[in-house]
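Heads up, upload25.cif below (mmCIF, C-alpha atoms):
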data_protein
#
loop_
_atom_site.label_atom_id
_atom_site.label_comp_id
_atom_site.auth_asym_id
_atom_site.auth_seq_id
_atom_site.Cartn_x
_atom_site.Cartn_y
_atom_site.Cartn_z
CA MET A 1132 68.56 86.32 122.05
CA SER A 1133 69.06 90.08 121.76
CA LYS A 1134 71.15 91.81 119.16
CA SER A 1135 73.62 92.93 121.79
CA ASP A 1136 74.07 89.32 122.95
CA ASP A 1137 74.64 88.35 119.34
CA ALA A 1138 77.37 90.94 119.08
CA GLU A 1139 79.01 89.87 122.33
CA ASN A 1140 78.91 86.12 121.56
CA PRO A 1141 79.59 85.91 117.82
CA LEU A 1142 80.16 82.40 116.50
CA LEU A 1143 83.25 82.13 118.66
CA GLU A 1144 82.29 79.68 121.40
CA GLU A 1145 84.48 76.62 121.88
CA THR A 1146 83.41 73.90 119.45
CA VAL A 1147 84.26 70.31 118.79
CA ASP A 1148 86.65 71.14 116.00
CA ARG A 1149 86.42 68.24 113.59
CA ALA A 1150 88.50 70.07 111.01
CA ASN A 1151 91.79 69.33 112.78
CA ARG A 1152 92.34 66.16 110.79
CA SER A 1153 91.93 68.04 107.50
CA ASN A 1154 93.80 71.26 108.23
CA ALA A 1155 96.73 69.97 106.19
CA LEU A 1156 94.56 70.28 103.12
CA THR A 1157 93.87 73.96 103.68
CA LYS A 1158 95.69 76.24 101.26
CA ILE A 1159 95.45 79.60 99.59
CA ARG A 1160 94.46 79.30 95.94
CA TYR A 1161 95.11 82.01 93.46
CA ARG A 1162 92.74 82.27 90.52
CA ARG A 1163 94.27 83.14 87.18
CA GLY A 1164 93.60 86.67 86.00
CA LYS A 1165 91.95 87.76 89.23
CA ALA A 1166 93.52 90.67 91.00
CA VAL A 1167 93.32 90.75 94.76
CA ALA A 1168 91.34 93.92 95.33
CA ASP A 1169 90.41 93.58 98.98
CA GLN A 1170 92.76 94.68 101.70
CA VAL A 1171 93.10 92.44 104.74
CA CYS A 1172 92.54 94.53 107.84
CA TYR A 1173 93.36 93.74 111.43
CA PRO A 1174 92.28 95.39 114.66
CA GLN A 1175 93.84 98.78 115.45
CA GLN A 1176 94.61 99.40 111.80
CA ASN A 1177 93.43 102.16 109.55
CA TYR A 1178 90.71 100.78 107.27
CA SER A 1179 91.03 103.44 104.62
CA HIS A 1180 92.29 102.16 101.29
CA THR A 1181 96.05 102.31 100.79
CA PRO A 1182 97.97 101.20 97.72
CA GLU A 1183 99.68 97.82 97.90
CA LEU A 1184 103.43 98.31 98.02
CA GLU A 1185 104.61 94.73 98.50
CA PHE A 1186 105.99 92.73 95.59
CA ASP A 1187 103.65 89.91 94.63
CA PHE A 1188 105.73 86.81 93.79
CA ASN A 1189 102.57 84.98 92.70
CA LYS A 1190 102.08 87.31 89.72
CA VAL A 1191 105.55 87.64 88.26
CA ASP A 1192 105.95 89.73 85.11
CA LEU A 1193 107.44 87.49 82.43
CA LYS A 1194 109.44 90.36 80.95
CA LEU A 1195 111.00 91.06 84.35
CA VAL A 1196 111.88 87.38 84.76
CA LEU A 1197 113.51 87.26 81.32
CA LEU A 1198 115.44 90.45 82.10
CA ILE A 1199 116.75 89.04 85.40
CA LEU A 1200 117.62 85.71 83.75
CA LEU A 1201 119.45 87.48 80.92
CA ALA A 1202 121.37 89.59 83.44
CA TYR A 1203 122.35 86.49 85.44
CA ILE A 1204 123.49 84.52 82.38
CA SER A 1205 125.34 87.53 80.96
CA ALA A 1206 127.15 88.16 84.24
CA GLY A 1207 127.93 84.47 84.66
CA GLY A 1208 129.08 84.13 81.07
CA VAL A 1209 131.42 87.12 81.37
CA CYS A 1210 132.85 85.98 84.73
CA PHE A 1211 133.43 82.38 83.65
CA TYR A 1212 134.88 83.57 80.34
CA VAL A 1213 137.37 85.82 82.16
CA ALA A 1214 138.28 82.86 84.39
CA ARG A 1215 138.38 80.37 81.49
CA TYR A 1216 142.07 79.59 82.04
CA GLU A 1217 141.26 78.67 85.65
CA ILE A 1218 138.68 76.10 84.54
CA LYS A 1219 139.73 72.63 83.43
CA GLY A 1220 137.90 69.98 81.46
CA ASN A 1221 136.62 69.26 77.98
CA LYS A 1222 136.53 72.69 76.31
CA THR A 1223 135.04 73.72 72.95
CA ASP A 1224 134.53 77.48 72.61
CA GLY A 1225 135.32 80.11 75.26
CA ILE A 1226 132.02 82.00 75.27
CA VAL A 1227 129.83 78.94 74.70
CA ASP A 1228 131.62 77.03 77.47
CA ALA A 1229 131.21 79.96 79.86
CA ILE A 1230 127.44 80.20 79.29
CA TYR A 1231 127.11 76.41 79.39
CA LEU A 1232 128.98 76.25 82.72
CA CYS A 1233 126.79 79.07 84.06
CA ILE A 1234 123.59 77.12 83.22
CA VAL A 1235 124.96 73.82 84.54
CA THR A 1236 125.91 75.60 87.78
CA MET A 1237 122.58 77.41 88.04
CA THR A 1238 120.52 74.21 87.67
CA THR A 1239 122.91 72.20 89.92
CA VAL A 1240 123.36 69.58 87.17
CA GLY A 1241 127.12 69.60 87.66
CA TYR A 1242 128.33 67.15 85.00
CA GLY A 1243 131.96 67.61 85.95
CA ASP A 1244 133.06 68.05 82.33
CA LEU A 1245 134.05 71.64 83.21
CA VAL A 1246 135.22 72.36 86.76
CA PRO A 1247 136.89 75.29 88.59
CA ASP A 1248 140.64 74.76 89.02
CA SER A 1249 141.61 77.71 91.22
CA THR A 1250 140.45 79.35 94.44
CA ARG A 1251 139.06 82.36 92.57
CA ALA A 1252 137.12 80.17 90.13
CA LYS A 1253 135.75 78.07 92.98
CA VAL A 1254 134.57 81.18 94.87
CA LEU A 1255 132.93 82.38 91.65
CA ALA A 1256 131.14 79.04 91.25
CA CYS A 1257 129.90 79.16 94.86
CA VAL A 1258 128.45 82.62 94.37
CA PHE A 1259 126.71 81.78 91.11
CA VAL A 1260 125.25 78.49 92.33
CA PHE A 1261 123.46 80.18 95.25
CA VAL A 1262 122.32 83.16 93.20
CA GLY A 1263 121.20 80.82 90.42
CA MET A 1264 119.17 78.66 92.80
CA ALA A 1265 117.46 81.77 94.13
CA VAL A 1266 116.61 82.91 90.60
CA VAL A 1267 115.20 79.47 89.75
CA GLY A 1268 113.29 79.11 93.01
CA LEU A 1269 111.80 82.59 93.33
CA LEU A 1270 111.31 83.76 89.78
CA LEU A 1271 111.65 81.12 87.08
CA SER A 1272 109.41 78.61 88.86
CA LYS A 1273 106.65 81.22 89.22
CA ALA A 1274 106.99 82.29 85.61
CA ALA A 1275 106.89 78.65 84.48
CA ASP A 1276 103.77 78.12 86.60
CA ASN A 1277 102.07 81.04 84.86
CA ILE A 1278 103.06 79.69 81.44
CA VAL A 1279 101.71 76.23 82.30
CA GLU A 1280 98.41 77.72 83.47
CA ASN A 1281 98.07 79.54 80.16
CA GLN A 1282 98.48 76.22 78.33
CA GLU A 1283 95.78 74.43 80.32
CA ILE A 1284 92.95 75.87 78.20
CA LEU A 1285 94.71 74.75 75.00
CA LEU A 1286 95.04 71.26 76.45
CA VAL A 1287 91.34 71.10 77.35
CA LYS A 1288 90.40 72.31 73.87
CA ALA A 1289 92.60 69.65 72.31
CA MET A 1290 91.10 66.92 74.52
CA HIS A 1291 87.54 67.96 73.62
CA MET A 1292 88.13 69.20 70.09
CA ARG A 1293 85.30 67.06 68.67
CA GLU A 1294 82.82 68.30 71.23
CA ARG A 1295 81.15 71.67 71.14
CA PHE A 1296 82.06 73.65 74.23
CA SER A 1297 81.80 77.38 74.70
CA GLU A 1298 84.68 79.40 76.16
CA VAL A 1299 82.75 79.70 79.43
CA GLU A 1300 82.28 75.93 79.66
CA ILE A 1301 85.97 75.32 78.95
CA LEU A 1302 87.03 77.82 81.63
CA LYS A 1303 84.62 76.21 84.08
CA GLU A 1304 86.05 72.77 83.30
CA VAL A 1305 89.62 74.03 83.84
CA GLU A 1306 88.72 75.72 87.14
CA SER A 1307 86.89 72.68 88.51
CA ASN A 1308 89.76 70.31 87.60
CA ARG A 1309 92.75 72.64 87.91
CA GLY A 1310 95.08 70.09 89.48
CA LYS A 1311 94.31 67.43 86.88
CA TYR A 1312 94.88 69.64 83.83
CA LYS A 1313 97.96 71.28 85.30
CA PHE A 1314 99.47 67.84 85.89
CA LEU A 1315 98.63 66.67 82.36
CA THR A 1316 100.02 69.87 80.82
CA VAL A 1317 103.33 69.56 82.68
CA LEU A 1318 103.50 65.84 81.85
CA VAL A 1319 103.09 66.55 78.12
CA LEU A 1320 105.76 69.28 78.22
CA LEU A 1321 108.14 67.04 80.15
CA LEU A 1322 107.72 64.14 77.72
CA MET A 1323 108.34 66.50 74.81
CA LEU A 1324 111.54 67.81 76.40
CA VAL A 1325 112.76 64.28 77.16
CA PHE A 1326 112.06 63.21 73.59
CA VAL A 1327 113.78 66.25 72.07
CA GLY A 1328 116.81 65.87 74.34
CA THR A 1329 117.15 62.16 73.59
CA ILE A 1330 116.92 62.65 69.82
CA PHE A 1331 119.41 65.53 69.91
CA LEU A 1332 121.99 63.52 71.86
CA TYR A 1333 121.47 60.56 69.53
CA GLU A 1334 121.75 62.59 66.32
CA LYS A 1335 124.24 65.36 67.20
CA GLU A 1336 126.36 64.00 70.04
CA GLY A 1337 126.74 60.49 68.63
CA PHE A 1338 125.27 58.61 71.61
CA ASP A 1339 123.42 55.37 71.11
CA LEU A 1340 119.71 55.64 71.86
CA PHE A 1341 119.82 54.18 75.37
CA ASP A 1342 122.84 56.27 76.44
CA ALA A 1343 121.07 59.36 75.09
CA PHE A 1344 118.00 58.60 77.20
CA TYR A 1345 120.24 57.81 80.18
CA CYS A 1346 122.00 61.19 79.84
CA VAL A 1347 118.63 62.95 79.61
CA CYS A 1348 117.43 61.27 82.81
CA ALA A 1349 120.67 62.11 84.65
CA THR A 1350 120.35 65.72 83.49
CA VAL A 1351 116.69 66.51 84.22
CA THR A 1352 116.99 64.98 87.70
CA THR A 1353 120.22 67.02 88.23
CA LEU A 1354 122.18 63.83 89.07
CA GLY A 1355 124.90 64.82 86.61
CA TYR A 1356 127.08 61.72 86.94
CA GLY A 1357 129.45 63.16 84.37
CA ASP A 1358 130.07 60.00 82.37
CA LYS A 1359 127.75 61.33 79.65
CA SER A 1360 127.36 65.02 78.81
CA PHE A 1361 127.25 67.55 75.98
CA SER A 1362 130.75 67.73 74.50
CA THR A 1363 130.36 69.65 71.22
CA ARG A 1364 129.94 73.38 70.64
CA GLY A 1365 126.50 72.94 69.08
CA GLY A 1366 125.47 70.53 71.83
CA ARG A 1367 126.35 73.02 74.55
CA ILE A 1368 124.43 75.82 72.82
CA PHE A 1369 121.40 73.51 72.75
CA ALA A 1370 122.04 72.45 76.36
CA ALA A 1371 122.03 76.06 77.57
CA PHE A 1372 118.34 76.27 76.69
CA TRP A 1373 117.25 72.66 77.11
CA ILE A 1374 118.76 72.02 80.57
CA LEU A 1375 117.10 75.10 82.03
CA MET A 1376 113.67 74.22 80.65
CA SER A 1377 113.79 70.50 81.42
CA THR A 1378 115.00 70.76 85.03
CA ILE A 1379 112.35 73.37 85.88
CA CYS A 1380 109.70 71.30 84.10
CA LEU A 1381 110.56 68.20 86.15
CA ALA A 1382 110.34 70.18 89.38
CA HIS A 1383 106.90 71.40 88.31
CA PHE A 1384 105.89 67.86 87.42
CA PHE A 1385 106.39 66.63 90.98
CA TYR A 1386 104.84 69.80 92.39
CA SER A 1387 101.73 69.41 90.22
CA LEU A 1388 101.56 65.71 91.15
CA ALA A 1389 101.42 66.69 94.83
CA GLU A 1390 98.79 69.32 94.02
CA LEU A 1391 96.70 66.74 92.16
CA TYR A 1392 96.82 64.38 95.14
CA THR A 1393 95.87 67.20 97.51
CA GLU A 1394 93.01 68.30 95.25
CA ARG A 1395 91.57 64.78 95.13
CA ARG A 1396 91.85 64.46 98.90
CA ARG A 1397 90.06 67.79 99.26
CA LYS A 1398 87.25 66.74 96.92
CA SER A 1399 86.89 63.45 98.76
CA LEU A 1400 86.64 65.29 102.07
CA LEU A 1401 84.12 67.73 100.61
CA LYS A 1402 81.97 64.85 99.34
CA TRP A 1403 82.11 63.16 102.74
CA VAL A 1404 81.17 66.31 104.64
CA LEU A 1405 78.20 67.08 102.38
CA SER A 1406 76.88 63.51 102.33
CA LYS A 1407 77.22 62.48 105.98
CA ARG A 1408 74.23 62.66 108.31
CA PHE A 1409 73.76 65.70 110.55
CA THR A 1410 73.58 64.08 113.98
CA ILE A 1411 72.66 65.37 117.45
CA SER A 1412 76.35 65.77 118.30
CA ASP A 1413 76.81 67.79 115.10
CA PHE A 1414 73.81 69.92 116.07
CA GLU A 1415 75.28 70.64 119.52
CA ALA A 1416 78.65 71.54 118.02
CA ALA A 1417 77.09 73.80 115.39
CA ASP A 1418 74.86 75.60 117.94
CA LEU A 1419 77.54 78.10 118.88
CA ASP A 1420 75.32 80.43 120.91
CA HIS A 1421 73.50 77.54 122.67
CA ASP A 1422 70.01 78.80 121.85
CA LYS A 1423 68.72 75.31 120.85
CA VAL A 1424 68.53 76.27 117.17
CA VAL A 1425 71.14 76.33 114.40
CA SER A 1426 70.99 79.39 112.19
CA PRO A 1427 72.12 79.34 108.55
CA ALA A 1428 75.27 81.25 109.53
CA GLU A 1429 76.12 78.75 112.27
CA PHE A 1430 75.50 75.80 109.93
CA VAL A 1431 77.71 77.29 107.19
CA VAL A 1432 80.52 78.05 109.63
CA TYR A 1433 80.36 74.55 111.11
CA LYS A 1434 80.45 72.87 107.69
CA LEU A 1435 83.31 75.08 106.51
CA LYS A 1436 85.27 74.07 109.61
CA GLU A 1437 84.60 70.41 108.88
CA MET A 1438 85.88 70.89 105.34
CA GLY A 1439 89.04 72.47 106.73
CA LYS A 1440 88.43 75.68 104.79
CA ILE A 1441 88.39 77.89 107.88
CA SER A 1442 89.57 77.62 111.47
CA GLU A 1443 88.47 79.13 114.76
CA GLY A 1444 91.26 81.68 114.35
CA ASP A 1445 89.88 82.78 110.97
CA VAL A 1446 86.42 83.31 112.45
CA SER A 1447 87.90 85.17 115.41
CA MET A 1448 89.83 87.55 113.17
CA VAL A 1449 86.76 88.34 111.05
CA MET A 1450 84.59 88.89 114.13
CA GLU A 1451 87.18 91.27 115.60
CA MET A 1452 86.87 93.29 112.41
CA PHE A 1453 83.06 93.14 112.71
CA LYS A 1454 83.19 94.45 116.31
CA ILE A 1455 85.30 97.42 115.23
CA LEU A 1456 82.91 98.28 112.40
CA ASP A 1457 79.86 97.80 114.67
CA VAL A 1458 80.36 101.16 116.36
CA ASP A 1459 76.99 101.29 118.17
CA HIS A 1460 77.27 97.63 119.32
CA SER A 1461 73.86 96.79 117.87
CA GLY A 1462 74.94 93.45 116.41
CA THR A 1463 74.64 94.77 112.85
CA ILE A 1464 76.65 97.07 110.62
CA SER A 1465 74.77 100.07 109.27
CA THR A 1466 75.75 102.98 107.06
CA GLU A 1467 75.90 105.10 110.22
CA ASP A 1468 78.46 102.67 111.66
CA LEU A 1469 80.57 102.93 108.52
CA GLU A 1470 80.44 106.71 108.57
CA SER A 1471 81.44 106.72 112.24
CA SER A 1472 84.29 104.22 111.75
CA ASN A 1473 85.74 106.24 108.86
CA THR A 1474 85.80 109.52 110.77
#
Could you write out this file's structure as structure tokens?
Amino acid sequence: MSKSDDAENPLLEETVDRANRSNALTKIRYRRGKAVADQVCYPQQNYSHTPELEFDFNKVDLKLVLLILLAYISAGGVCFYVARYEIKGNKTDGIVDAIYLCIVTMTTVGYGDLVPDSTRAKVLACVFVFVGMAVVGLLLSKAADNIVENQEILLVKAMHMRERFSEVEILKEVESNRGKYKFLTVLVLLLMLVFVGTIFLYEKEGFDLFDAFYCVCATVTTLGYGDKSFSTRGGRIFAAFWILMSTICLAHFFYSLAELYTERRRKSLLKWVLSKRFTISDFEAADLDHDKVVSPAEFVVYKLKEMGKISEGDVSMVMEMFKILDVDHSGTISTEDLESSNT
């Protein structure tokens, strides 16, 4: 097979794609502390380096999140305070009630202990509930995810405190079992928040222990039946912080549980792919250029497809980029090709 043939028929022939059943497991993983330095290029694009101008929601600045959250709560507190005479229910203090109602609206808990009682107040509540959900969904959840990831190393150290592990070994352990430690970290935080909320309601709000736990469960799941809620000034100050943290933590708990399940499925698939026999049918599928031999590149591509890590479309896109960089169509990329493609 000549080099020109290799360039014209590059790992793109139709194959028996056995990765279809595992494509649902494919996902983009972001490694903590690793900046994305490479620019994805497509055909007919300029390959010269250009600065990234898009906002990266996967690396949210915590200070920015806190600033946006403070602005939202301040605006909501002021608006609900101005409309306090158009809100009915069990009231304690004007400013505290306004901030409390803002948080309850933002997290969609909706106890019903404070409710809008005029058209203007209802419109205000509608606006703040949608804006609040956007803030929680786009910013606070990402910031919470970053905070949880930063606690994973502390959790691993605590679990292996009697064993001697270097920082490199601990980081390697976290990376290889990311889903497991993220799930355990969120579970510990959630249990702590449930415990703190239950004790506070028992001690400060006068609930019996079961009713306190019941109110906590109704709150963190955003059921908000309304039969039990925070009714004192001090309780609502506490609730303004606790409700926000606990509802986001529960959402992350179920998200990390799904991630853990997906990670275990992925590892199981990986183990199966690497341990199964390489049969004649596998050989024929991996021999993309039909030259009766399987090169290392063909074998790697075939196995990656089986694992669901890449698809035919991914290979096609990369090979289109290769063709553009291979200016002299020799089947290889040389420094001369790069100089020619950049002119």
Check your understanding: Nearest to Ala1371 of chain A: which of A:Phe1384, A:Tyr1203, A:Tyr1231, A:Phe1341 is it, counting all atoms listed in the file?
Key -> A:Tyr1231
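If you look at atom CA of Thr1378 of chain A and atom CA of Val1351 of chain A, they are 4.6 Å away from each other.
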Study note, to complete from the structure: From the list A:Ser1461, A:Ser1406, A:Thr1223, A:Ser1471, the nearest residue to Gly1366 of chain A using only C-alpha atoms is A:Thr1223
**Study point:** Contact residues around Arg1251 of chain A with all atoms listed in the file at 10 Å, ignoring same-chain residues under 4 positions, as a list in words
**Key:**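 Counting only the stated atoms, we get Ala1214, Glu1217, Pro1247, Leu1255, Ala1256 and Cys1257 of chain A.
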Resolved residues for the PyMOL selection byres ((chain A and resi 1353) around 9) as an mmCIF file with C-alpha atoms, keeping the file's coordinate frame:
data_model
loop_
_atom_site.group_PDB
_atom_site.id
_atom_site.type_symbol
_atom_site.label_atom_id
_atom_site.label_comp_id
_atom_site.auth_asym_id
_atom_site.auth_seq_id
_atom_site.Cartn_x
_atom_site.Cartn_y
_atom_site.Cartn_z
ATOM 1 C CA THR A 1238 120.520 74.210 87.670
ATOM 2 C CA THR A 1239 122.910 72.200 89.920
ATOM 3 C CA VAL A 1240 123.360 69.580 87.170
ATOM 4 C CA GLY A 1241 127.120 69.600 87.660
ATOM 5 C CA TYR A 1242 128.330 67.150 85.000
ATOM 6 C CA CYS A 1348 117.430 61.270 82.810
ATOM 7 C CA ALA A 1349 120.670 62.110 84.650
ATOM 8 C CA THR A 1350 120.350 65.720 83.490
ATOM 9 C CA VAL A 1351 116.690 66.510 84.220
ATOM 10 C CA THR A 1352 116.990 64.980 87.700
ATOM 11 C CA LEU A 1354 122.180 63.830 89.070
ATOM 12 C CA GLY A 1355 124.900 64.820 86.610
ATOM 13 C CA TYR A 1356 127.080 61.720 86.940
ATOM 14 C CA THR A 1378 115.000 70.760 85.030
#
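For the atom pair formed by atom CA of Glu1334 of chain A and atom CA of Asp1358 of chain A, the distance is 18.3 Å, given to one decimal.
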Practice item. Rank nothing, just name the residue among A:Tyr1333, A:Phe1414, A:Phe1385, A:Phe1259 nearest to Cys1346 of chain A, using all atoms listed in the file. Key: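 Once distances to Cys1346 of chain A are computed over all atoms listed in the file, the minimum belongs to A:Tyr1333.
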Point to revise | Among the residues A:Gly1328, A:Gly1357, A:Gly1243, A:Gly1365, the one that comes closest to Ser1377 of chain A [using only C-alpha atoms] | key: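 Closest to Ser1377 of chain A of all the choices is A:Gly1328.
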Check your understanding: What separation in Å, quoted to one decimal, exists between atom CA of Met1452 of chain A and atom CA of Arg1397 of chain A?
Key -> 28.9 Å
**Study point:** Evaluate the PyMOL selection byres ((chain A and resi 1317) around 7) and report residues as a list of chain:residue names
**Key:** A:Val1279, A:Lys1313, A:Phe1314, A:Leu1315, A:Thr1316, A:Leu1318, A:Val1319, A:Leu1320, A:Leu1321, A:Cys1380, A:His1383, A:Phe1384
Kindly export the residues of the current selection with C-alpha atoms, as a compact mmCIF listing (two decimals), keeping the file's coordinate frame.
# COMPACT_ATOMS: atom_id res chain seq x y z
CA VAL A 1279 101.71 76.23 82.30
CA LYS A 1313 97.96 71.28 85.30
CA PHE A 1314 99.47 67.84 85.89
CA LEU A 1315 98.63 66.67 82.36
CA THR A 1316 100.02 69.87 80.82
CA LEU A 1318 103.50 65.84 81.85
CA VAL A 1319 103.09 66.55 78.12
CA LEU A 1320 105.76 69.28 78.22
CA LEU A 1321 108.14 67.04 80.15
CA CYS A 1380 109.70 71.30 84.10
CA HIS A 1383 106.90 71.40 88.31
CA PHE A 1384 105.89 67.86 87.42
Practice item. Would you kindly identify which residues have an atom no farther than 8 Å from (123.7, 75.7, 81.3), using only C-alpha atoms and the file's own coordinates, and write them out as a count of residues only? Key: 15
Review point. With all atoms listed in the file as the basis for distance, which of A:Val1327, A:Val1424, A:Val1266, A:Val1431 is at the shortest distance from Val1404 of chain A?
Key: A:Val1431
Practice item. Find, counting all atoms listed in the file, the residue in A:Val1432, A:Ala1202, A:Trp1373, A:Lys1311 that gets nearest to Phe1331 of chain A. Key: A:Trp1373
Contacts between segment 1437-1448 of chain A and segment 1331-1416 of chain A, please, where a residue of segment 1331-1416 of chain A counts if it comes within 12 Å (with only C-alpha atoms); show its shortest atom pair and distance in Å to one decimal, rows by chain and ascending number, as a Markdown table.
| residue | atom | partner | partner_atom | distance |
| --- | --- | --- | --- | --- |
| A:Arg1396 | CA | A:Met1438 | CA | 10.9 |
| A:Arg1397 | CA | A:Met1438 | CA | 8.0 |
| A:Lys1398 | CA | A:Met1438 | CA | 9.5 |
| A:Ser1399 | CA | A:Met1438 | CA | 10.0 |
| A:Leu1400 | CA | A:Met1438 | CA | 6.5 |
| A:Leu1401 | CA | A:Met1438 | CA | 6.0 |
| A:Lys1402 | CA | A:Met1438 | CA | 9.4 |
| A:Trp1403 | CA | A:Met1438 | CA | 9.0 |
| A:Val1404 | CA | A:Met1438 | CA | 6.6 |
| A:Leu1405 | CA | A:Met1438 | CA | 9.1 |
| A:Lys1407 | CA | A:Glu1437 | CA | 11.2 |
| A:Phe1409 | CA | A:Glu1437 | CA | 11.9 |
| A:Asp1413 | CA | A:Glu1437 | CA | 10.3 |
| A:Ala1416 | CA | A:Glu1437 | CA | 11.0 |
